[in-house]
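Following: one structure in structure tokens, then a few remarks.
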Amino acid sequence: MAPMAPMAQTTKITLPARAAGEQRTAPAGGAGAATMAVEQLSAWYGARQAIREVSLEFRPGLVTAIIGPSGCGKSTLIRCLNRLHEVVPGARVAGRVRLNGEDIYAPGVDPVLIRRRVGMVFQRPNPFPTMSIFDNVAAGLRLNGLARGYELERLVERSLQQAALWEEVKDKLRQPGTALSGGQQQRLCIARALAVEPEVLLLDEPTTALDPIATLKIEELLRQLKDDYTIVIVTHNMQQAARVSDYTAFMLAGSDRVGELVETGPTRQLFTTPRDPRTEAYITGRFG
Amino acid sequence: MATAWTGRAGFDRALRELEDEVLVLGSMVDKAIERSMEALKRLDMPAAREIVQNDLIINEKRFQIEEQAILLIATQQPMAGDLRRIVAVLNIVTELERIGDYAAGTARIVLRHAGQPLLKPLIDLPRMADKARDMLRRSLEAFVERDAAAAKRIAAEDDEVDALYNQVYRELLTYVLSDPRTMDRATWLLWVSHNLERSADRVTNICERVVYEVSGTMEELNVSRLEEGA
């Protein structure tokens, strides 16, 4: 694994520089953000098909938003990206999901490893209720034996810095994670996901449960994080998708209630001059 | 599961109201051009003064429409076609207000005459005014109908106005060359001609906005063939 270069001193959060020859603690996978691609991806819950033949790419250094009305399959899609979909009994997929070109559903691939490389943040902040702030962030590292002692502390601090939470919690790391406000809890969950050094970060409606200020803080955080990760965000808030993303994909379920990809493009083009009339109708709020 | 619903009735109504207001402003400006030419023909001073006064009302109307548009942006988060419509409105009312200014400028030229007769009977100037007014009316129709093809056709007719402008210029020049004392009055008519030529140019800008609203891209429509070595 090549050592990562120290991050540039800009207005954003600065990580402590890695020493030369230092390894990423997460095994396997490429250094830095990865490209993900879905090819003709379909997914079912038992007999019911949720999405049909979706093909889409998620590139490093970018935020890709997936928008669409309730039931269009966007959450199903994102959960296929880190093999969470299969946790539901009877669930299955067809098609390919590639992480840096490799099919994550290939036989022999460890789903747990995938879920570390492709991290996820959920709609309702869910810090581990019995754990302190520190232990929450350290959980993934400890569980996988990735770090101990001083190294663990350093990584926890770095993750909290990356999540723009360090200054607010550095003096109360032993307090329970649930003692934080909603917005802080969500940033704690982001820190927890970042601790195991994922290549892709998935966010499923990450600010729906938060107040407007907390929402804007998380959006600002995503702007900072996108340089180092591939970010995919599912949101039903169109203005958020417009504010935060570089690319937007619009999904819609047809009369058969199976979700399909209608249109994808640079955000600035999709929100000013969408090509498909269904996209126009949705983003102008004329159906929902 | 996408559910078709009645849409944003309140917002749609507000957009239609905005459109109606643009047409009202267009009508005010059209009348201003008409009245300014009438006042010039008859050198009607009171009429000219009224036109200059009324220009303030045109300016007010333009700002009222702007405020309405800005309020819609702030409260309705318009996207895509709605956003382009509102942006087009903001630009179009600016052009209309400028055309109103040109009509007021012509009215001021009437006042400058202060007792002197017109240099010559008006023939080409009323032709220019009629053409500009016709283009204006049709451009606003194209705006209402979102008809980009019509907008492009109207923009091309600006060449006719430019041709008349050159004709007026050459004719006034001959007056001045044969009798330098006519310089003042020739210049005043030249300014009127310039006002009308610029009004037609502004209408072309309105046509560009109509095309923009439909296609999403700004296209230059007013590249005059006459400017090349005419």
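Every chain in the structure tokens has a letter given in the order shown (A, B, ...), and although residue numbers restart at 1 in each chain, ligands are simply numbered from 1 in the order shown.
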Give me, as a VMD selection string, the residues of chain A touching chain B, with the criterion being at most 10 Å (counting only C-alpha atoms). chain A and resid 68 to 73 238 to 239 242 252 to 259 268 to 274 279 to 288
What's the 9 Å shell around Leu77 (chain A), counting only C-alpha atoms, without same-chain residues fewer than 6 positions away, as an MDAnalysis selection string? chainID A and resid 41:43 50:51 54 85
Can you tell me, as an MDAnalysis selection string, what residues are no more than 7 Å from Val156 (chain A) when counting only C-alpha atoms, ignoring any on the same chain fewer than 3 positions away? chainID A and resid 134 137:138 152:153 159:160 195
Written file, previous selection with C-alpha atoms, as a CSV table (one decimal), in the first residue's frame:
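result-v9.csv written:
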chain,number,residue,atom,x,y,z
A,134,PHE,CA,-14.5,7.3,21.9
A,137,VAL,CA,-15.5,5.6,16.8
A,138,ALA,CA,-13.0,2.9,17.9
A,152,LEU,CA,-6.1,3.6,18.2
A,153,GLU,CA,-6.3,7.0,19.9
A,159,SER,CA,-11.7,10.3,12.3
A,160,LEU,CA,-13.4,12.8,14.6
A,195,ALA,CA,-12.4,5.2,11.2
Can you work out the spacing between CA of Leu203 (chain A) and CA of Gln123 (chain A) in Å, to one decimal? 7.7 Å
Using only C-alpha atoms, find the one residue out of B:Glu171, B:Glu208, B:Asp130, B:Asp55 that sits nearest to Tyr102 (chain B).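 Closest to Tyr102 (chain B), using only C-alpha atoms: B:Asp55.
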Give me the residues near region 148-159 of chain B as an MDAnalysis selection string, where near means some atom within 7 Å (using only C-alpha atoms) and where sequence neighbours in that chain fewer than 3 positions away do not count. chainID B and resid 135 139 142 162:163 200:201 204 207 210:211 214 221:222 224
Go through B:Met183, B:Ile109, B:Leu96, B:Ala104 and flag the residue nearest Asn205 (chain B), using only C-alpha atoms for the distances.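 Using only C-alpha atoms, the shortest distance to Asn205 (chain B) belongs to B:Leu96.
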Please list as an MDAnalysis selection string every residue within 12 Å of Glu67 (chain B), counting only C-alpha atoms and excluding residues in the same chain fewer than 2 positions away. chainID B and resid 18 21 60:65 69:74 86 89:90 93
What residues in region 45-238 of chain A get the DSSP label alpha helix (DSSP H)? Please answer as a ChimeraX atom specification. /A:74-81,111-117,133-143,149-162,166-169,182-195,212-225,238
All residues 9 Å or closer to Arg96 (chain A), only C-alpha atoms, same chain fewer than 5 positions away omitted, as a list in words: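 My reading of the contact set: Ala37, Val38, Glu39, Gln40, Leu41, Ser42, Asp103, Ile104, Tyr105 and Ala106 of chain A.
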With distances taken over only C-alpha atoms, which residue among A:Pro89, A:Leu210, A:Ala65, A:Ser132 lies nearest Ala179 (chain A)?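 Checking each of A:Pro89, A:Leu210, A:Ala65, A:Ser132 against Ala179 (chain A), counting only C-alpha atoms, the winner is A:Ser132.
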Using only C-alpha atoms, which of B:Tyr169, B:Val161, B:Leu140, B:Ser193 sits nearest Ala88 (chain B)? B:Leu140
What lies within 7 Å of Ala103 (chain B) using only C-alpha atoms, ignoring chain neighbours under 4 positions off, as JSON, numbers by chain? {"B": [32, 33, 36, 99, 107]}
re CA of Arg209 (chain B) and CA of Glu34 (chain B): distance 24.4 Å
